[in-house]
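Participant: Provided below: data.pdb, containing PDB, C-alpha atoms, pLDDT in the B column.
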ATOM      1  CA  ALA F   1     -11.521  -7.682 -67.229  1.00 61.00           C
ATOM      2  CA  ASP F   2     -14.480  -9.801 -66.164  1.00 71.00           C
ATOM      3  CA  ASP F   3     -12.838 -10.708 -62.853  1.00 75.00           C
ATOM      4  CA  ALA F   4     -11.281  -7.367 -61.852  1.00 79.00           C
ATOM      5  CA  PHE F   5     -12.265  -3.737 -61.359  1.00 82.00           C
ATOM      6  CA  VAL F   6     -10.735  -0.465 -60.172  1.00 84.00           C
ATOM      7  CA  SER F   7     -12.226   1.883 -57.581  1.00 84.00           C
ATOM      8  CA  ALA F   8     -11.383   5.521 -56.853  1.00 82.00           C
ATOM      9  CA  SER F   9     -13.006   7.242 -53.905  1.00 81.00           C
ATOM     10  CA  ARG F  10     -13.312  10.405 -51.863  1.00 79.00           C
ATOM     11  CA  ASP F  11     -10.892   9.095 -49.196  1.00 77.00           C
ATOM     12  CA  SER F  12      -7.919   9.592 -51.563  1.00 76.00           C
ATOM     13  CA  THR F  13      -7.670   5.879 -52.391  1.00 80.00           C
ATOM     14  CA  VAL F  14      -7.350   4.062 -55.708  1.00 83.00           C
ATOM     15  CA  ALA F  15      -7.541   0.267 -55.585  1.00 81.00           C
ATOM     16  CA  LEU F  16      -7.498  -2.706 -57.955  1.00 80.00           C
ATOM     17  CA  TRP F  17      -9.831  -5.538 -56.926  1.00 82.00           C
ATOM     18  CA  LYS F  18      -9.967  -9.215 -57.853  1.00 80.00           C
ATOM     19  CA  VAL F  19     -13.428 -10.798 -57.954  1.00 78.00           C
ATOM     20  CA  SER F  20     -13.817 -14.515 -57.327  1.00 74.00           C
ATOM     21  CA  ASP F  21     -16.812 -16.844 -57.107  1.00 69.00           C
ATOM     22  CA  THR F  22     -17.773 -18.450 -53.809  1.00 64.00           C
ATOM     23  CA  ASP F  23     -19.549 -21.691 -52.966  1.00 61.00           C
ATOM     24  CA  ASP F  24     -22.860 -19.948 -52.303  1.00 60.00           C
ATOM     25  CA  ASP F  25     -22.986 -18.227 -55.756  1.00 62.00           C
ATOM     26  CA  SER F  26     -22.055 -14.855 -54.268  1.00 60.00           C
ATOM     27  CA  PHE F  27     -18.952 -12.812 -55.083  1.00 60.00           C
ATOM     28  CA  ASN F  28     -15.869 -12.029 -53.056  1.00 66.00           C
ATOM     29  CA  ALA F  29     -13.665  -9.023 -53.904  1.00 67.00           C
ATOM     30  CA  LYS F  30     -10.125  -8.686 -52.556  1.00 66.00           C
ATOM     31  CA  PRO F  31      -7.710  -5.786 -53.197  1.00 61.00           C
ATOM     32  CA  LEU F  32      -4.719  -6.654 -55.382  1.00 65.00           C
ATOM     33  CA  ALA F  33      -3.108  -3.220 -55.384  1.00 62.00           C
ATOM     34  CA  ARG F  34      -3.780  -0.032 -53.471  1.00 63.00           C
ATOM     35  CA  SER F  35      -2.430   3.493 -53.591  1.00 66.00           C
ATOM     36  CA  GLU F  36      -3.276   6.371 -51.261  1.00 60.00           C
ATOM     37  CA  PHE F  37      -2.668  10.037 -51.998  1.00 56.00           C
ATOM     38  CA  ARG F  38      -2.028  12.057 -48.896  1.00 46.00           C
ATOM     39  CA  LEU F  39      -1.526  15.753 -48.182  1.00 35.00           C
ATOM     40  CA  GLU F  40       2.259  15.585 -48.468  1.00 39.00           C
ATOM     41  CA  ASP F  41       2.060  14.064 -51.969  1.00 52.00           C
ATOM     42  CA  PHE F  42      -0.112  16.718 -53.620  1.00 48.00           C
ATOM     43  CA  ALA F  43      -0.046  19.607 -51.136  1.00 39.00           C
ATOM     44  CA  ARG F  44      -3.736  18.932 -50.570  1.00 51.00           C
ATOM     45  CA  GLY F  45      -5.959  15.923 -50.201  1.00 59.00           C
ATOM     46  CA  LYS F  46      -7.408  14.317 -53.286  1.00 73.00           C
ATOM     47  CA  LYS F  47     -11.009  13.285 -53.680  1.00 85.00           C
ATOM     48  CA  PHE F  48     -11.758  11.186 -56.737  1.00 89.00           C
ATOM     49  CA  ARG F  49     -15.039  11.364 -58.636  1.00 91.00           C
ATOM     50  CA  ASP F  50     -14.657   8.923 -61.528  1.00 93.00           C
ATOM     51  CA  VAL F  51     -12.296   6.306 -62.958  1.00 92.00           C
ATOM     52  CA  LYS F  52     -11.998   4.804 -66.463  1.00 92.00           C
ATOM     53  CA  TYR F  53      -9.793   2.090 -67.957  1.00 88.00           C
ATOM     54  CA  ASP F  54      -8.008   2.515 -71.299  1.00 89.00           C
ATOM     55  CA  PRO F  55      -7.572  -1.052 -72.658  1.00 84.00           C
ATOM     56  CA  ARG F  56      -5.412   0.041 -75.592  1.00 86.00           C
ATOM     57  CA  ASN F  57      -2.646   1.424 -73.379  1.00 87.00           C
ATOM     58  CA  GLU F  58      -3.563  -0.510 -70.218  1.00 87.00           C
ATOM     59  CA  GLU F  59      -3.821   2.687 -68.203  1.00 90.00           C
ATOM     60  CA  ILE F  60      -6.238   4.085 -65.645  1.00 90.00           C
ATOM     61  CA  PHE F  61      -7.655   7.607 -65.893  1.00 93.00           C
ATOM     62  CA  VAL F  62      -8.812   9.091 -62.579  1.00 92.00           C
ATOM     63  CA  LEU F  63     -10.800  12.330 -62.249  1.00 93.00           C
ATOM     64  CA  ASP F  64     -10.296  14.319 -59.047  1.00 90.00           C
ATOM     65  CA  THR F  65     -12.252  17.263 -57.637  1.00 89.00           C
ATOM     66  CA  GLU F  66      -9.398  19.763 -57.821  1.00 88.00           C
ATOM     67  CA  GLY F  67      -9.120  20.147 -61.600  1.00 91.00           C
ATOM     68  CA  PHE F  68      -6.827  17.304 -62.660  1.00 92.00           C
ATOM     69  CA  LEU F  69      -7.115  14.134 -64.710  1.00 93.00           C
ATOM     70  CA  LEU F  70      -4.488  11.601 -63.628  1.00 91.00           C
ATOM     71  CA  LYS F  71      -3.170   8.910 -65.968  1.00 91.00           C
ATOM     72  CA  MET F  72      -1.970   5.934 -63.869  1.00 89.00           C
ATOM     73  CA  ASP F  73      -0.237   2.593 -64.399  1.00 88.00           C
ATOM     74  CA  PRO F  74      -2.268  -0.111 -62.585  1.00 83.00           C
ATOM     75  CA  THR F  75       0.606  -2.618 -62.945  1.00 83.00           C
ATOM     76  CA  ASN F  76       3.015  -0.362 -61.038  1.00 84.00           C
ATOM     77  CA  ASN F  77       1.106   0.552 -57.876  1.00 80.00           C
ATOM     78  CA  PHE F  78      -0.842   3.232 -59.763  1.00 83.00           C
ATOM     79  CA  LYS F  79       2.216   5.297 -60.625  1.00 85.00           C
ATOM     80  CA  ILE F  80       1.133   8.589 -62.213  1.00 87.00           C
ATOM     81  CA  ASN F  81       2.422   8.680 -65.795  1.00 89.00           C
ATOM     82  CA  SER F  82       1.022  12.096 -66.665  1.00 90.00           C
ATOM     83  CA  THR F  83      -1.498  14.716 -65.600  1.00 92.00           C
ATOM     84  CA  ILE F  84      -4.001  16.750 -67.614  1.00 94.00           C
ATOM     85  CA  VAL F  85      -4.913  20.147 -66.159  1.00 94.00           C
ATOM     86  CA  LEU F  86      -8.633  20.705 -66.667  1.00 94.00           C
ATOM     87  CA  ARG F  87     -10.506  23.839 -67.598  1.00 89.00           C
ATOM     88  CA  ASN F  88     -14.097  24.388 -66.461  1.00 89.00           C
ATOM     89  CA  ASP F  89     -13.148  22.612 -63.231  1.00 88.00           C
ATOM     90  CA  LYS F  90     -15.996  23.774 -61.009  1.00 91.00           C
ATOM     91  CA  GLU F  91     -17.761  20.736 -59.497  1.00 92.00           C
ATOM     92  CA  LEU F  92     -16.199  18.019 -61.618  1.00 94.00           C
ATOM     93  CA  THR F  93     -18.506  15.019 -61.611  1.00 92.00           C
ATOM     94  CA  CYS F  94     -17.952  12.399 -64.338  1.00 95.00           C
ATOM     95  CA  MET F  95     -16.133  11.440 -67.526  1.00 96.00           C
ATOM     96  CA  ALA F  96     -16.263   9.133 -70.557  1.00 96.00           C
ATOM     97  CA  MET F  97     -13.522   7.835 -72.856  1.00 94.00           C
ATOM     98  CA  THR F  98     -13.244   6.645 -76.447  1.00 90.00           C
ATOM     99  CA  ASP F  99      -9.994   6.128 -78.369  1.00 85.00           C
ATOM    100  CA  SER F 100      -7.811   9.145 -77.504  1.00 87.00           C
ATOM    101  CA  LEU F 101     -10.703  11.430 -76.498  1.00 93.00           C
ATOM    102  CA  VAL F 102     -11.903  11.947 -72.931  1.00 96.00           C
ATOM    103  CA  CYS F 103     -14.935  14.083 -72.061  1.00 96.00           C
ATOM    104  CA  VAL F 104     -15.367  15.538 -68.566  1.00 97.00           C
ATOM    105  CA  GLY F 105     -18.608  16.794 -67.040  1.00 95.00           C
ATOM    106  CA  SER F 106     -18.687  19.727 -64.627  1.00 94.00           C
ATOM    107  CA  GLN F 107     -21.243  22.111 -63.172  1.00 93.00           C
ATOM    108  CA  SER F 108     -21.869  24.056 -66.378  1.00 93.00           C
ATOM    109  CA  PHE F 109     -19.837  22.432 -69.169  1.00 94.00           C
ATOM    110  CA  VAL F 110     -18.924  19.267 -71.022  1.00 96.00           C
ATOM    111  CA  THR F 111     -15.257  19.532 -71.995  1.00 96.00           C
ATOM    112  CA  ALA F 112     -13.284  17.247 -74.323  1.00 96.00           C
ATOM    113  CA  TYR F 113      -9.527  16.629 -74.171  1.00 96.00           C
ATOM    114  CA  ASP F 114      -7.019  14.782 -76.352  1.00 95.00           C
ATOM    115  CA  THR F 115      -5.288  12.295 -74.024  1.00 92.00           C
ATOM    116  CA  ARG F 116      -2.131  12.314 -76.172  1.00 91.00           C
ATOM    117  CA  SER F 117      -1.542  16.061 -76.475  1.00 94.00           C
ATOM    118  CA  LYS F 118      -3.368  16.892 -73.188  1.00 93.00           C
ATOM    119  CA  GLU F 119      -4.984  19.807 -75.014  1.00 95.00           C
ATOM    120  CA  MET F 120      -8.636  20.803 -74.832  1.00 96.00           C
ATOM    121  CA  VAL F 121     -10.494  19.892 -78.032  1.00 96.00           C
ATOM    122  CA  PHE F 122     -13.788  21.685 -77.351  1.00 95.00           C
ATOM    123  CA  ASP F 123     -16.241  22.618 -74.627  1.00 95.00           C
ATOM    124  CA  VAL F 124     -20.012  23.088 -74.725  1.00 95.00           C
ATOM    125  CA  LYS F 125     -22.433  24.325 -72.119  1.00 93.00           C
ATOM    126  CA  GLY F 126     -24.505  21.729 -70.308  1.00 89.00           C
ATOM    127  CA  CYS F 127     -28.283  21.476 -70.713  1.00 81.00           C
ATOM    128  CA  ASP F 128     -29.109  21.355 -67.016  1.00 84.00           C
ATOM    129  CA  ASN F 129     -29.260  24.941 -65.779  1.00 76.00           C
ATOM    130  CA  SER F 130     -25.943  24.770 -63.859  1.00 80.00           C
ATOM    131  CA  LEU F 131     -27.036  21.683 -61.883  1.00 89.00           C
ATOM    132  CA  GLY F 132     -24.168  19.746 -63.408  1.00 92.00           C
ATOM    133  CA  THR F 133     -23.532  16.982 -65.897  1.00 95.00           C
ATOM    134  CA  ARG F 134     -23.864  13.803 -63.819  1.00 96.00           C
ATOM    135  CA  SER F 135     -23.160  11.048 -66.371  1.00 96.00           C
ATOM    136  CA  LEU F 136     -21.540  10.698 -69.787  1.00 97.00           C
ATOM    137  CA  ASN F 137     -21.514   7.833 -72.273  1.00 95.00           C
ATOM    138  CA  PHE F 138     -20.177   7.444 -75.817  1.00 95.00           C
ATOM    139  CA  GLN F 139     -22.195   5.854 -78.611  1.00 92.00           C
ATOM    140  CA  THR F 140     -20.278   5.977 -81.925  1.00 89.00           C
ATOM    141  CA  THR F 141     -20.011   9.700 -82.798  1.00 92.00           C
ATOM    142  CA  MET F 142     -22.481  10.793 -80.141  1.00 95.00           C
ATOM    143  CA  LEU F 143     -22.024  11.603 -76.466  1.00 97.00           C
ATOM    144  CA  THR F 144     -25.035  11.023 -74.217  1.00 97.00           C
ATOM    145  CA  CYS F 145     -25.192  13.504 -71.324  1.00 97.00           C
ATOM    146  CA  GLY F 146     -27.256  13.020 -68.166  1.00 96.00           C
ATOM    147  CA  GLY F 147     -27.789  15.990 -65.878  1.00 95.00           C
ATOM    148  CA  GLY F 148     -28.735  17.016 -62.365  1.00 95.00           C
ATOM    149  CA  GLN F 149     -32.064  18.433 -63.549  1.00 93.00           C
ATOM    150  CA  GLY F 150     -32.938  15.055 -65.039  1.00 95.00           C
ATOM    151  CA  HIS F 151     -32.222  16.088 -68.617  1.00 95.00           C
ATOM    152  CA  ILE F 152     -30.790  13.554 -71.081  1.00 96.00           C
ATOM    153  CA  SER F 153     -29.229  15.157 -74.144  1.00 96.00           C
ATOM    154  CA  PHE F 154     -27.236  13.927 -77.127  1.00 96.00           C
ATOM    155  CA  LEU F 155     -24.090  15.758 -78.232  1.00 96.00           C
ATOM    156  CA  ASP F 156     -22.936  15.207 -81.823  1.00 96.00           C
ATOM    157  CA  LEU F 157     -19.134  15.095 -81.649  1.00 94.00           C
ATOM    158  CA  ARG F 158     -18.782  16.027 -85.321  1.00 94.00           C
ATOM    159  CA  THR F 159     -20.697  19.303 -85.035  1.00 95.00           C
ATOM    160  CA  GLN F 160     -20.194  19.790 -81.286  1.00 94.00           C
ATOM    161  CA  ARG F 161     -23.877  20.603 -80.971  1.00 95.00           C
ATOM    162  CA  TYR F 162     -26.763  18.942 -79.148  1.00 95.00           C
ATOM    163  CA  LEU F 163     -29.327  17.156 -81.293  1.00 94.00           C
ATOM    164  CA  ASP F 164     -32.676  18.913 -81.676  1.00 93.00           C
ATOM    165  CA  LEU F 165     -35.278  16.453 -80.373  1.00 90.00           C
ATOM    166  CA  ASP F 166     -38.478  18.488 -80.683  1.00 79.00           C
ATOM    167  CA  GLU F 167     -38.850  21.416 -83.080  1.00 70.00           C
ATOM    168  CA  THR F 168     -42.559  22.085 -82.544  1.00 77.00           C
ATOM    169  CA  GLY F 169     -41.988  24.880 -80.014  1.00 70.00           C
ATOM    170  CA  ARG F 170     -40.584  28.375 -80.384  1.00 77.00           C
ATOM    171  CA  GLU F 171     -37.097  26.999 -79.715  1.00 78.00           C
ATOM    172  CA  PRO F 172     -35.934  23.420 -80.467  1.00 82.00           C
ATOM    173  CA  LYS F 173     -35.896  21.165 -77.418  1.00 88.00           C
ATOM    174  CA  GLN F 174     -32.522  19.490 -76.954  1.00 92.00           C
ATOM    175  CA  TYR F 175     -33.210  17.056 -74.147  1.00 93.00           C
ATOM    176  CA  TYR F 176     -35.542  14.440 -72.738  1.00 93.00           C
ATOM    177  CA  THR F 177     -36.415  14.391 -69.037  1.00 94.00           C
ATOM    178  CA  THR F 178     -36.396  11.517 -66.555  1.00 95.00           C
ATOM    179  CA  GLY F 179     -39.710  10.460 -65.015  1.00 92.00           C
ATOM    180  CA  ARG F 180     -41.059  10.597 -61.465  1.00 90.00           C
ATOM    181  CA  GLY F 181     -39.442   7.462 -60.066  1.00 94.00           C
ATOM    182  CA  TRP F 182     -39.718   6.884 -56.306  1.00 95.00           C
ATOM    183  CA  LEU F 183     -39.142   9.485 -53.594  1.00 95.00           C
ATOM    184  CA  ASP F 184     -38.942   8.859 -49.861  1.00 95.00           C
ATOM    185  CA  LYS F 185     -40.935  11.708 -48.364  1.00 93.00           C
ATOM    186  CA  ASN F 186     -38.880  11.837 -45.201  1.00 92.00           C
ATOM    187  CA  GLU F 187     -38.307  14.593 -42.658  1.00 94.00           C
ATOM    188  CA  VAL F 188     -35.992  16.495 -45.008  1.00 94.00           C
ATOM    189  CA  TYR F 189     -38.651  16.494 -47.726  1.00 94.00           C
ATOM    190  CA  TYR F 190     -41.410  17.792 -45.439  1.00 95.00           C
ATOM    191  CA  SER F 191     -39.097  20.395 -43.875  1.00 94.00           C
ATOM    192  CA  TYR F 192     -37.655  21.887 -47.068  1.00 94.00           C
ATOM    193  CA  PHE F 193     -39.295  20.494 -50.227  1.00 94.00           C
ATOM    194  CA  GLN F 194     -42.936  19.796 -49.432  1.00 92.00           C
ATOM    195  CA  GLY F 195     -45.163  20.519 -52.423  1.00 89.00           C
ATOM    196  CA  ARG F 196     -42.232  20.920 -54.806  1.00 91.00           C
ATOM    197  CA  THR F 197     -41.474  18.713 -57.796  1.00 91.00           C
ATOM    198  CA  ILE F 198     -38.120  16.984 -57.279  1.00 93.00           C
ATOM    199  CA  PRO F 199     -36.433  15.966 -60.556  1.00 94.00           C
ATOM    200  CA  ASN F 200     -34.394  12.783 -60.743  1.00 96.00           C
ATOM    201  CA  ALA F 201     -30.791  13.427 -61.738  1.00 96.00           C
ATOM    202  CA  CYS F 202     -29.376  10.983 -64.281  1.00 97.00           C
ATOM    203  CA  TYR F 203     -26.366   9.472 -62.488  1.00 96.00           C
ATOM    204  CA  THR F 204     -25.760   6.514 -64.806  1.00 96.00           C
ATOM    205  CA  GLN F 205     -26.665   5.411 -68.324  1.00 95.00           C
ATOM    206  CA  CYS F 206     -25.832   2.632 -70.744  1.00 94.00           C
ATOM    207  CA  TRP F 207     -26.752   1.751 -74.349  1.00 94.00           C
ATOM    208  CA  ASP F 208     -27.664  -1.780 -75.348  1.00 93.00           C
ATOM    209  CA  GLN F 209     -25.595  -3.635 -77.944  1.00 91.00           C
ATOM    210  CA  SER F 210     -27.873  -2.577 -80.779  1.00 92.00           C
ATOM    211  CA  GLY F 211     -27.467   1.108 -79.901  1.00 90.00           C
ATOM    212  CA  THR F 212     -31.233   1.622 -80.035  1.00 91.00           C
ATOM    213  CA  ARG F 213     -32.177   1.477 -76.348  1.00 95.00           C
ATOM    214  CA  LEU F 214     -30.761   3.517 -73.487  1.00 96.00           C
ATOM    215  CA  PHE F 215     -30.937   2.621 -69.800  1.00 97.00           C
ATOM    216  CA  ALA F 216     -30.896   5.592 -67.418  1.00 96.00           C
ATOM    217  CA  GLY F 217     -30.779   5.500 -63.631  1.00 97.00           C
ATOM    218  CA  GLY F 218     -30.604   8.092 -60.902  1.00 97.00           C
ATOM    219  CA  GLY F 219     -32.419   9.824 -58.099  1.00 96.00           C
ATOM    220  CA  PRO F 220     -32.978  13.177 -56.373  1.00 96.00           C
ATOM    221  CA  LEU F 221     -30.036  15.597 -56.336  1.00 93.00           C
ATOM    222  CA  PRO F 222     -30.663  17.600 -53.107  1.00 93.00           C
ATOM    223  CA  PHE F 223     -28.706  16.437 -50.060  1.00 91.00           C
ATOM    224  CA  GLY F 224     -30.800  14.511 -47.545  1.00 93.00           C
ATOM    225  CA  LEU F 225     -33.404  13.247 -49.995  1.00 95.00           C
ATOM    226  CA  ARG F 226     -33.686   9.554 -50.866  1.00 94.00           C
ATOM    227  CA  GLY F 227     -35.184   8.070 -53.985  1.00 96.00           C
ATOM    228  CA  CYS F 228     -34.477   6.320 -57.257  1.00 96.00           C
ATOM    229  CA  TYR F 229     -35.323   6.346 -60.939  1.00 97.00           C
ATOM    230  CA  MET F 230     -34.797   3.702 -63.621  1.00 96.00           C
ATOM    231  CA  GLY F 231     -35.966   3.867 -67.209  1.00 95.00           C
ATOM    232  CA  ILE F 232     -35.316   2.324 -70.628  1.00 95.00           C
ATOM    233  CA  TRP F 233     -35.643   4.724 -73.531  1.00 89.00           C
TER     234      TRP F 233
END
Would it be possible to restate this file's structure as structure tokens?
Facilitator:
Amino acid sequence: ADDAFVSASRDSTVALWKVSDTDDDSFNAKPLARSEFRLEDFARGKKFRDVKYDPRNEEIFVLDTEGFLLKMDPTNNFKINSTIVLRNDKELTCMAMTDSLVCVGSQSFVTAYDTRSKEMVFDVKGCDNSLGTRSLNFQTTMLTCGGGQGHISFLDLRTQRYLDLDETGREPKQYYTTGRGWLDKNEVYYSYFQGRTIPNACYTQCWDQSGTRLFAGGGPLPFGLRGCYMGIW
């Protein structure tokens, strides 16, 4: 909805927020519902990496770091309706949904699941040299994948193969790469990365309504570095 959103965070909390206008043209967000998952509930603490809303069934899908996709009811204090056990669960990072298909990004794979049967539909290796898929986005029958190395690739869901973008070399190139952006050359940079090229991971992406232009945003992946990248393709 335009006036509500759901958050899921690394402190084991899922919350539904109501957004209202204020007199000074700013926004005020207040929690409407909140659910916390503690050690006694799951035998271990939960850290959540991504959350998506399914408008058809009015359900919330929450991705945790332990290899589970939780289907929740936001109208009933986030009661868990079902759970999908994930394969390729090393460093789960992001997901995208369309109809009854959900795709999950991890360190080395993009894996698709049927939300009705809970079965894996397919998995393909990522294009980012094990630095992880950091963002996913559906566009009709194509899944756009942004990676930790700064690669942006396009997975055809019908063939389950990445599109070949440049066939002039010995092997077809299957990705574009983010640009330089801005990097804060702080103490961490000079201590550990001086003189090295730091790619900008693609942490978020969005197509325009025409489906012809793609916004990509991100920044450096290594811990301790600060920076940003924004581009329209």
Participant: Expanded to explicit residues, what is the PyMOL selection byres ((chain F and resi 154-157) around 10) for this file, as an MDAnalysis selection string?
Facilitator: chainID F and resid 110 112 122 124 126:127 136:146 152:153 158:165 174:176
Participant: Those residues with C-alpha atoms, as a short mmCIF file (atom, residue, chain, number, x, y, z; two decimals), in the frame of the given file please?
Facilitator:
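For reference, again_29.cif as written:
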data_model
loop_
_atom_site.label_atom_id
_atom_site.label_comp_id
_atom_site.auth_asym_id
_atom_site.auth_seq_id
_atom_site.Cartn_x
_atom_site.Cartn_y
_atom_site.Cartn_z
CA VAL F 110 -18.92 19.27 -71.02
CA ALA F 112 -13.28 17.25 -74.32
CA PHE F 122 -13.79 21.68 -77.35
CA VAL F 124 -20.01 23.09 -74.72
CA GLY F 126 -24.50 21.73 -70.31
CA CYS F 127 -28.28 21.48 -70.71
CA LEU F 136 -21.54 10.70 -69.79
CA ASN F 137 -21.51 7.83 -72.27
CA PHE F 138 -20.18 7.44 -75.82
CA GLN F 139 -22.20 5.85 -78.61
CA THR F 140 -20.28 5.98 -81.92
CA THR F 141 -20.01 9.70 -82.80
CA MET F 142 -22.48 10.79 -80.14
CA LEU F 143 -22.02 11.60 -76.47
CA THR F 144 -25.04 11.02 -74.22
CA CYS F 145 -25.19 13.50 -71.32
CA GLY F 146 -27.26 13.02 -68.17
CA ILE F 152 -30.79 13.55 -71.08
CA SER F 153 -29.23 15.16 -74.14
CA ARG F 158 -18.78 16.03 -85.32
CA THR F 159 -20.70 19.30 -85.04
CA GLN F 160 -20.19 19.79 -81.29
CA ARG F 161 -23.88 20.60 -80.97
CA TYR F 162 -26.76 18.94 -79.15
CA LEU F 163 -29.33 17.16 -81.29
CA ASP F 164 -32.68 18.91 -81.68
CA LEU F 165 -35.28 16.45 -80.37
CA GLN F 174 -32.52 19.49 -76.95
CA TYR F 175 -33.21 17.06 -74.15
CA TYR F 176 -35.54 14.44 -72.74
#
Participant: As a check of understanding, name the residues that the PyMOL selection byres ((chain F and resi 185) around 9) selects in the supplied structure, as an NGL selection string.
Facilitator: :F and (183-184 or 186-190 or 194 or 225-227)
Participant: What does the structure give for the distance between atom CA of Ser135 of chain F and atom CA of Val51 of chain F, in Å to one decimal?
Facilitator: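 Atom CA of Val51 of chain F lies 12.3 Å from atom CA of Ser135 of chain F.
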Participant: Here's the selection I'm unsure about, the PyMOL selection byres ((chain F and resi 150) around 7); applied to the file above, which residues does it give, as a list of chain:residue names?
Facilitator: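 Output of the PyMOL selection byres ((chain F and resi 150) around 7): F:Gly146, F:Gly147, F:Gly148, F:Gln149, F:His151, F:Ile152, F:Thr177, F:Thr178, F:Pro199, F:Asn200, F:Ala201, F:Cys202.
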Participant: First collect every listed atom of segment 4-16 of chain F; then fit an axis-aligned box around them, widen it by 8 Å on each side, and give centre and edge lengths in Å to one decimal, as AutoDock Vina command-line options.
Facilitator:
--center_x -10.3 --center_y 1.5 --center_z -55.5 --size_x 22.0 --size_y 33.8 --size_z 28.7
Participant: Do you have, as a Markdown table, the list of residues of segment 74-184 of chain F lying at most 10 Å from segment 1-20 of chain F, each with its nearest atom pair and that distance in Å to one decimal, counting all atoms listed in the file and ordered by chain then number?
Facilitator:
| residue | atom | partner | partner_atom | distance |
| --- | --- | --- | --- | --- |
| F:Pro74 | CA | F:Leu16 | CA | 7.5 |
| F:Thr75 | CA | F:Leu16 | CA | 9.5 |
| F:Asn77 | CA | F:Ala15 | CA | 8.9 |
| F:Phe78 | CA | F:Val14 | CA | 7.7 |
Participant: Could you check which of F:Thr93, F:Trp182, F:Ile84, F:Lys125 is closest to Phe48 of chain F, using only C-alpha atoms?
Facilitator: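 Looking at the shortest contact to Phe48 of chain F, the residue is F:Thr93.
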Participant: Check the smallest atom-to-atom distance from each of F:Tyr53, F:Trp207, F:Tyr192, F:Tyr229 to Arg180 of chain F using all atoms listed in the file, then report the winner.
Facilitator: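 Selected residue with least distance to Arg180 of chain F: F:Tyr229.
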Participant: For Cys103 of chain F, which of F:Lys52, F:Lys79, F:Lys90, F:Arg170 is the closest residue, counting all atoms listed in the file?
Facilitator: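 Distance minimum relative to Cys103 of chain F lands on F:Lys52.
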Participant: Can you measure atom CA of Glu119 of chain F to atom CA of Glu58 of chain F for me? One decimal in Å is fine.
Facilitator: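 Interatomic distance here is 20.9 Å.
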Participant: Just how far from atom CA of Met97 of chain F is atom CA of Ser210 of chain F, in Å to one decimal?
Facilitator: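 Distance between the two atoms: 19.4 Å.
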Participant: Which residues, written as a CSV table (one decimal) with C-alpha atoms, keeping the file's coordinate frame, have at least one atom at most 8 Å from Ala216 of chain F, with only C-alpha atoms counted and residues fewer than 4 positions away on the same chain left out?
Facilitator:
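See out37.csv below for the written result:
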chain,number,residue,atom,x,y,z
F,202,CYS,CA,-29.4,11.0,-64.3
F,203,TYR,CA,-26.4,9.5,-62.5
F,204,THR,CA,-25.8,6.5,-64.8
F,205,GLN,CA,-26.7,5.4,-68.3
F,206,CYS,CA,-25.8,2.6,-70.7
F,229,TYR,CA,-35.3,6.3,-60.9
F,230,MET,CA,-34.8,3.7,-63.6
F,231,GLY,CA,-36.0,3.9,-67.2
F,232,ILE,CA,-35.3,2.3,-70.6
F,233,TRP,CA,-35.6,4.7,-73.5
